[in-house]
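Trainee: First the structure, then my questions, so here it is.
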Amino acid sequence: MYLDNSATTKVSDEVLEEMLPYLKDEFGNPSTLYSIGRESKKALEEARQRVANAINAKKDEIFFTSGGSESDNLAIKGIAFKLQKKGKHIITSDIEHPAVKETLHFLESLDFKVTYLPVYENGIIKIEDLKEAITPETILITIMHGNNEIGTLQPIEEIGKIAHENGIVFHTDAVQTFGKVEIDVEKQNIDLLSVSSHKINGPKGVGAIYIKKGIRLIPLIHGGGQEKGIRSGTENVAGIVGFGKAAELACSQLDEHAQKLSKITNELTEKVLDTIPESYLNGDRIQRLPNVVNFRFTAIEGESLILLLDSKGYQASTGSACSSNTLEASPVLTALGLDPVNVHGSLRISLAPESDEFDVDEFVNILSEAVKRLREMSPLWNQELDYDGVMCKKHDDCRRC
């Protein structure tokens, strides 16, 4: 069972079927004037409308990119360079995706100032901190909608309102929330928004940026002037067509899928915490994505746990696929105030609509055995705590006993 859908998802049959003609017969360049090019252009615009419909935007506010990382870079650098004469201060959070954090680090090397808001134990910023961080030099607030590791949701409607009250542009990375929770760019006061195709059963290498009408930014890629000059380069027509179909499918069943996945992740959370001693939920219990849950287990290594689960047929992860090759503790989890030693024993489960065949009881049994096996080999495991939770010599009020 594949349980790492926050990293990427399988392309659905319906999406692939719509893409195939544009990989073979309908191969025209959408910038050309003859019929085969016009057909590609028509398909491109239909996909643009589908993505716009998914977030209550206008079609001409959607611009296609190569993915979420490019969209984040375009939004942040584009506004920073456009408005730098007005100010060079940007506000973000401590748990942003690397596509946002590394972009901001780059801007810091160019003398931009960045304030990183803390997220506390639940993984959510405090509005009071945001208000206090705003200065006359603040030109951009960029805070993600839903976190890719712990699934927590930020209060973006309120963040956007505060940004607009202070004449500040608001960008949100919605790569993980697009197609999974409701997004309304008008209601939620969003100026710029990044989304990606491969998180919603669409193809990789395709994304989009929403740019509210009236917002101006500096393009990153110059060339033939495609996408109204916002993102030059011949469009990936087949990929964009697939993205449009994936967006339409995801949003047409959004509520149904959210209810189903929330039920599964809630059941999973209860059983893991009740079954496995010294297990904890990372992030907020309520304000979270319906399909993501992140646990940590005392005295184990997450990488070893991933390999044991894989040997039993379950593919999960320790966190972001974009930073999983490093041995450092997850910046997202350490931002919650967790001990770096315990952070390494974390496990992210992220489901997809087709995960309804997921057997929670079977998985928890396998997970429990894997954790027990790793703890038996771990010098960090407190031997005074019986694994089955029979007794605890150190904590009279231990909830496991």
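Following the order of the structure tokens, chains are lettered A, B, ..., residues in each are numbered from 1, and ligands are numbered from 1.
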Write out as a list in words which residues come within 12 Å of Lys86 of chain A when counting only C-alpha atoms, dropping same-chain ones fewer than 4 positions away.

Mentor: Ile79, Ala80, Phe81, Lys82, Ile90, Phe112, Thr135, Pro136, Glu137, Thr138, Ile139, Leu140, Gly167 and Ile168 of chain A

Trainee: Determine which residues of segment 5-72 of chain A DSSP labels as helix (DSSP H, G or I) from the backbone of this structure, then write them out as a PyMOL selection string.

Mentor: chain A and resi 13-23+35-54+59-61+68-72

Trainee: Looking at A:Lys199, A:Lys161, A:His145, A:Lys212, which one is nearest to Asn56 of chain A, with distances taken over only C-alpha atoms?

Mentor: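 With only C-alpha atoms as the atom set, the closest residue is A:Lys212.
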
Trainee: Residues near segment 263-280 of chain A, anyone? I mean within 6 Å using only C-alpha atoms, not counting same-chain ones fewer than 3 positions away, as a PDB file with N, CA, C and O atoms, in the first residue's frame.

Mentor:
```pdb
ATOM      1  N   LYS A 260     -14.074  11.059   3.783  1.00  0.00           N
ATOM      2  CA  LYS A 260     -13.588   9.676   3.812  1.00  0.00           C
ATOM      3  C   LYS A 260     -12.179   9.588   4.377  1.00  0.00           C
ATOM      4  O   LYS A 260     -11.897   8.746   5.247  1.00  0.00           O
ATOM      5  N   PHE A 295       3.387  10.973  12.981  1.00  0.00           N
ATOM      6  CA  PHE A 295       3.635  10.460  14.336  1.00  0.00           C
ATOM      7  C   PHE A 295       5.129  10.506  14.645  1.00  0.00           C
ATOM      8  O   PHE A 295       5.970  10.492  13.738  1.00  0.00           O
ATOM      9  N   ARG A 296       5.430  10.523  15.926  1.00  0.00           N
ATOM     10  CA  ARG A 296       6.816  10.289  16.335  1.00  0.00           C
ATOM     11  C   ARG A 296       6.826   9.233  17.431  1.00  0.00           C
ATOM     12  O   ARG A 296       5.881   9.139  18.223  1.00  0.00           O
ATOM     13  N   PHE A 297       7.893   8.448  17.423  1.00  0.00           N
ATOM     14  CA  PHE A 297       8.038   7.329  18.346  1.00  0.00           C
ATOM     15  C   PHE A 297       9.378   7.469  19.067  1.00  0.00           C
ATOM     16  O   PHE A 297      10.422   7.595  18.422  1.00  0.00           O
ATOM     17  N   THR A 298       9.324   7.452  20.364  1.00  0.00           N
ATOM     18  CA  THR A 298      10.540   7.618  21.166  1.00  0.00           C
ATOM     19  C   THR A 298      11.541   6.500  20.887  1.00  0.00           C
ATOM     20  O   THR A 298      11.170   5.329  20.780  1.00  0.00           O
ATOM     21  N   VAL A 360      -6.643  -0.190   8.438  1.00  0.00           N
ATOM     22  CA  VAL A 360      -6.006   0.488   9.565  1.00  0.00           C
ATOM     23  C   VAL A 360      -5.496  -0.513  10.596  1.00  0.00           C
ATOM     24  O   VAL A 360      -4.357  -0.409  11.077  1.00  0.00           O
ATOM     25  N   SER A 368       3.272  -1.455  14.886  1.00  0.00           N
ATOM     26  CA  SER A 368       3.583  -1.736  16.290  1.00  0.00           C
ATOM     27  C   SER A 368       4.726  -2.729  16.414  1.00  0.00           C
ATOM     28  O   SER A 368       5.654  -2.542  17.219  1.00  0.00           O
TER      29      SER A 368
END
```

Trainee: Mind checking which residues fall within 7 Å of segment 250-257 of chain A, counting only C-alpha atoms, ignoring those fewer than 5 positions away in the same chain, and posting them as a list in words?

Mentor: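 Listing them by chain and then by number gives Ala54, Gly179, Lys180, Val181, Ile200 and Pro353 of chain A.
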
Trainee: Output all heavy atoms for every residue in the selection just made, as a PDB file, in the first residue's frame.

Mentor:
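Final output, result-v9.pdb:
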```pdb
ATOM      1  N   ALA A  54     -11.282  25.746  -9.879  1.00  0.00           N
ATOM      2  CA  ALA A  54     -10.965  25.028  -8.637  1.00  0.00           C
ATOM      3  C   ALA A  54     -10.685  25.962  -7.471  1.00  0.00           C
ATOM      4  O   ALA A  54     -10.811  25.553  -6.306  1.00  0.00           O
ATOM      5  CB  ALA A  54      -9.764  24.106  -8.861  1.00  0.00           C
ATOM      6  N   GLY A 179      -7.152  20.887  -4.180  1.00  0.00           N
ATOM      7  CA  GLY A 179      -7.884  19.667  -4.494  1.00  0.00           C
ATOM      8  C   GLY A 179      -8.222  18.813  -3.296  1.00  0.00           C
ATOM      9  O   GLY A 179      -8.812  17.742  -3.443  1.00  0.00           O
ATOM     10  N   LYS A 180      -7.846  19.285  -2.086  1.00  0.00           N
ATOM     11  CA  LYS A 180      -8.089  18.495  -0.873  1.00  0.00           C
ATOM     12  C   LYS A 180      -8.942  19.245   0.152  1.00  0.00           C
ATOM     13  O   LYS A 180      -9.684  18.628   0.905  1.00  0.00           O
ATOM     14  CB  LYS A 180      -6.756  18.084  -0.242  1.00  0.00           C
ATOM     15  CG  LYS A 180      -5.938  17.170  -1.148  1.00  0.00           C
ATOM     16  CD  LYS A 180      -4.492  17.100  -0.724  1.00  0.00           C
ATOM     17  CE  LYS A 180      -3.666  16.417  -1.808  1.00  0.00           C
ATOM     18  NZ  LYS A 180      -2.230  16.585  -1.588  1.00  0.00           N
ATOM     19  N   VAL A 181      -8.788  20.551   0.198  1.00  0.00           N
ATOM     20  CA  VAL A 181      -9.653  21.389   1.033  1.00  0.00           C
ATOM     21  C   VAL A 181     -10.094  22.575   0.172  1.00  0.00           C
ATOM     22  O   VAL A 181      -9.471  22.903  -0.841  1.00  0.00           O
ATOM     23  CB  VAL A 181      -8.943  21.892   2.310  1.00  0.00           C
ATOM     24  CG1 VAL A 181      -8.503  20.727   3.179  1.00  0.00           C
ATOM     25  CG2 VAL A 181      -7.758  22.772   1.966  1.00  0.00           C
ATOM     26  N   ILE A 200      -2.204  15.715  -7.033  1.00  0.00           N
ATOM     27  CA  ILE A 200      -3.637  15.410  -7.156  1.00  0.00           C
ATOM     28  C   ILE A 200      -3.912  14.420  -8.294  1.00  0.00           C
ATOM     29  O   ILE A 200      -4.899  14.545  -9.016  1.00  0.00           O
ATOM     30  CB  ILE A 200      -4.469  16.689  -7.346  1.00  0.00           C
ATOM     31  CG1 ILE A 200      -3.974  17.494  -8.560  1.00  0.00           C
ATOM     32  CG2 ILE A 200      -4.439  17.555  -6.089  1.00  0.00           C
ATOM     33  CD1 ILE A 200      -4.924  18.592  -8.989  1.00  0.00           C
ATOM     34  N   PRO A 353      -7.420   9.555  -2.384  1.00  0.00           N
ATOM     35  CA  PRO A 353      -8.794   9.053  -2.446  1.00  0.00           C
ATOM     36  C   PRO A 353      -8.900   7.544  -2.650  1.00  0.00           C
ATOM     37  O   PRO A 353      -9.812   6.904  -2.125  1.00  0.00           O
ATOM     38  CB  PRO A 353      -9.380   9.811  -3.640  1.00  0.00           C
ATOM     39  CG  PRO A 353      -8.644  11.105  -3.636  1.00  0.00           C
ATOM     40  CD  PRO A 353      -7.242  10.754  -3.218  1.00  0.00           C
TER      41      PRO A 353
END
```

Trainee: Quick one: of A:Pro340, A:Gly283, A:Gly239, A:Pro290, who's nearest to Glu149 of chain A, counting only C-alpha atoms?

Mentor: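 Smallest distance to Glu149 of chain A is found for A:Gly283.
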
Trainee: I'd like to know which of A:Ile366, A:Val371, A:Val237, A:Ile190 is closest to Val206 of chain A, using only C-alpha atoms.

Mentor: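 Result for the nearest residue to Val206 of chain A: A:Val237.
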
Trainee: Would you compute the distance between atom CA of Ser196 of chain A and atom CA of Ile62 of chain A? Give it in Å to one decimal.

Mentor: 12.4 Å

Trainee: In segment 82-265 of chain A, what's strand (DSSP E or B) per DSSP? Answer as a ChimeraX atom specification?

Mentor: /A:89-93,113-117,138-142,146,152-153,169-173,192-196,207-211

Trainee: Please provide as a ChimeraX atom specification all residues within 7 Å of segment 31-46 of chain A, with the sequence filter that same-chain residues fewer than 4 positions apart are discarded (counting only C-alpha atoms).

Mentor: /A:26,50,237,240-241

Trainee: Kindly export the residues of the current selection with C-alpha atoms, as a compact mmCIF listing (two decimals), in the first residue's frame.

Mentor:
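Now in selection02.txt:
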```
# COMPACT_ATOMS: atom_id res chain seq x y z
CA GLU A 26 -2.38 16.66 -31.32
CA ARG A 50 -10.52 24.14 -15.02
CA VAL A 237 0.44 20.96 -23.48
CA ILE A 240 -1.25 20.97 -18.69
CA VAL A 241 -4.23 19.10 -20.13
```

Trainee: Fewer than 5 positions away in the same chain doesn't count, so skip those; otherwise give me all residues within 6 Å of segment 4-13 of chain A, counting only C-alpha atoms, as an MDAnalysis selection string.

Mentor: chainID A and resid 198:199 201:203 316 321 350:351

Trainee: Go ahead and dump the residues you just picked, all heavy atoms, as a PDB file, in the first residue's frame.

Mentor:
```pdb
ATOM      1  N   HIS A 198       1.143  17.086  -9.659  1.00  0.00           N
ATOM      2  CA  HIS A 198       1.413  15.702  -9.284  1.00  0.00           C
ATOM      3  C   HIS A 198       0.986  15.347  -7.865  1.00  0.00           C
ATOM      4  O   HIS A 198       1.125  14.202  -7.438  1.00  0.00           O
ATOM      5  CB  HIS A 198       2.885  15.351  -9.509  1.00  0.00           C
ATOM      6  CG  HIS A 198       3.832  15.905  -8.496  1.00  0.00           C
ATOM      7  ND1 HIS A 198       4.418  15.123  -7.531  1.00  0.00           N
ATOM      8  CD2 HIS A 198       4.313  17.152  -8.321  1.00  0.00           C
ATOM      9  CE1 HIS A 198       5.219  15.866  -6.797  1.00  0.00           C
ATOM     10  NE2 HIS A 198       5.171  17.102  -7.258  1.00  0.00           N
ATOM     11  N   LYS A 199       0.431  16.311  -7.130  1.00  0.00           N
ATOM     12  CA  LYS A 199      -0.105  16.015  -5.802  1.00  0.00           C
ATOM     13  C   LYS A 199      -1.573  15.598  -5.859  1.00  0.00           C
ATOM     14  O   LYS A 199      -2.142  15.194  -4.852  1.00  0.00           O
ATOM     15  CB  LYS A 199       0.019  17.238  -4.886  1.00  0.00           C
ATOM     16  CG  LYS A 199       1.402  17.849  -4.816  1.00  0.00           C
ATOM     17  CD  LYS A 199       2.436  16.934  -4.188  1.00  0.00           C
ATOM     18  CE  LYS A 199       3.745  17.686  -3.992  1.00  0.00           C
ATOM     19  NZ  LYS A 199       4.796  16.864  -3.376  1.00  0.00           N
ATOM     20  N   ASN A 201      -3.023  13.453  -8.465  1.00  0.00           N
ATOM     21  CA  ASN A 201      -3.168  12.421  -9.494  1.00  0.00           C
ATOM     22  C   ASN A 201      -3.015  12.948 -10.913  1.00  0.00           C
ATOM     23  O   ASN A 201      -3.539  12.375 -11.871  1.00  0.00           O
ATOM     24  CB  ASN A 201      -4.503  11.681  -9.350  1.00  0.00           C
ATOM     25  CG  ASN A 201      -4.650  11.017  -7.994  1.00  0.00           C
ATOM     26  OD1 ASN A 201      -5.399  11.493  -7.137  1.00  0.00           O
ATOM     27  ND2 ASN A 201      -3.919   9.939  -7.761  1.00  0.00           N
ATOM     28  N   GLY A 202      -2.264  14.044 -11.034  1.00  0.00           N
ATOM     29  CA  GLY A 202      -1.896  14.559 -12.339  1.00  0.00           C
ATOM     30  C   GLY A 202      -0.432  14.265 -12.623  1.00  0.00           C
ATOM     31  O   GLY A 202       0.278  13.696 -11.790  1.00  0.00           O
ATOM     32  N   PRO A 203       0.058  14.673 -13.800  1.00  0.00           N
ATOM     33  CA  PRO A 203       1.451  14.383 -14.167  1.00  0.00           C
ATOM     34  C   PRO A 203       2.442  15.291 -13.440  1.00  0.00           C
ATOM     35  O   PRO A 203       2.097  16.379 -12.974  1.00  0.00           O
ATOM     36  CB  PRO A 203       1.475  14.660 -15.672  1.00  0.00           C
ATOM     37  CG  PRO A 203       0.422  15.704 -15.863  1.00  0.00           C
ATOM     38  CD  PRO A 203      -0.671  15.346 -14.889  1.00  0.00           C
ATOM     39  N   ALA A 316       5.897   4.583   3.095  1.00  0.00           N
ATOM     40  CA  ALA A 316       5.619   5.827   3.809  1.00  0.00           C
ATOM     41  C   ALA A 316       6.896   6.658   3.814  1.00  0.00           C
ATOM     42  O   ALA A 316       7.847   6.362   3.091  1.00  0.00           O
ATOM     43  CB  ALA A 316       5.136   5.534   5.226  1.00  0.00           C
ATOM     44  N   ALA A 321       9.703  14.918   0.820  1.00  0.00           N
ATOM     45  CA  ALA A 321      10.518  14.228  -0.172  1.00  0.00           C
ATOM     46  C   ALA A 321      11.613  15.132  -0.713  1.00  0.00           C
ATOM     47  O   ALA A 321      12.620  14.659  -1.226  1.00  0.00           O
ATOM     48  CB  ALA A 321       9.628  13.749  -1.328  1.00  0.00           C
ATOM     49  N   SER A 350       0.508   9.733   4.359  1.00  0.00           N
ATOM     50  CA  SER A 350      -0.333  10.625   3.549  1.00  0.00           C
ATOM     51  C   SER A 350      -1.115   9.790   2.541  1.00  0.00           C
ATOM     52  O   SER A 350      -0.547   9.059   1.732  1.00  0.00           O
ATOM     53  CB  SER A 350       0.516  11.690   2.848  1.00  0.00           C
ATOM     54  OG  SER A 350       1.618  11.125   2.165  1.00  0.00           O
ATOM     55  N   LEU A 351      -2.429   9.900   2.611  1.00  0.00           N
ATOM     56  CA  LEU A 351      -3.329   9.072   1.831  1.00  0.00           C
ATOM     57  C   LEU A 351      -3.842   9.796   0.588  1.00  0.00           C
ATOM     58  O   LEU A 351      -3.683  10.997   0.439  1.00  0.00           O
ATOM     59  CB  LEU A 351      -4.515   8.641   2.701  1.00  0.00           C
ATOM     60  CG  LEU A 351      -4.170   7.968   4.035  1.00  0.00           C
ATOM     61  CD1 LEU A 351      -5.443   7.674   4.817  1.00  0.00           C
ATOM     62  CD2 LEU A 351      -3.364   6.697   3.806  1.00  0.00           C
TER      63      LEU A 351
END
```

Trainee: Could you check the closest approach to Asp94 of chain A for each of A:Ser330, A:Ser232, A:Asn282, A:Ser317 and tell me which residue wins, using only C-alpha atoms?

Mentor: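 Among A:Ser330, A:Ser232, A:Asn282, A:Ser317, it is A:Ser330 that comes nearest to Asp94 of chain A.
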
Trainee: Between A:His164, A:Arg288, A:Arg216, A:His171, which has the minimum distance to Val195 of chain A (counting only C-alpha atoms)?

Mentor: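 Of A:His164, A:Arg288, A:Arg216, A:His171, the one nearest Val195 of chain A is A:His171, counting only C-alpha atoms.
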
Trainee: Write out as a ChimeraX atom specification the residues lying within 7 Å of Leu374 of chain A, counting only C-alpha atoms and excluding same-chain residues fewer than 4 positions away.

Mentor: /A:300,370,378

Trainee: If you keep N, CA and C atoms, can you produce a file of those selected residues as an mmCIF file, in the first residue's frame?

Mentor:
```cif
data_model
loop_
_atom_site.group_PDB
_atom_site.id
_atom_site.type_symbol
_atom_site.label_atom_id
_atom_site.label_comp_id
_atom_site.auth_asym_id
_atom_site.auth_seq_id
_atom_site.Cartn_x
_atom_site.Cartn_y
_atom_site.Cartn_z
ATOM 1 N N ILE A 300 13.579 5.557 18.340
ATOM 2 C CA ILE A 300 13.797 4.814 17.099
ATOM 3 C C ILE A 300 14.283 5.772 16.010
ATOM 4 N N ALA A 370 7.020 -3.307 14.167
ATOM 5 C CA ALA A 370 8.238 -2.674 13.654
ATOM 6 C C ALA A 370 8.867 -1.766 14.705
ATOM 7 N N SER A 378 17.537 -0.526 20.260
ATOM 8 C CA SER A 378 17.908 0.863 20.501
ATOM 9 C C SER A 378 18.481 1.078 21.896
#
```
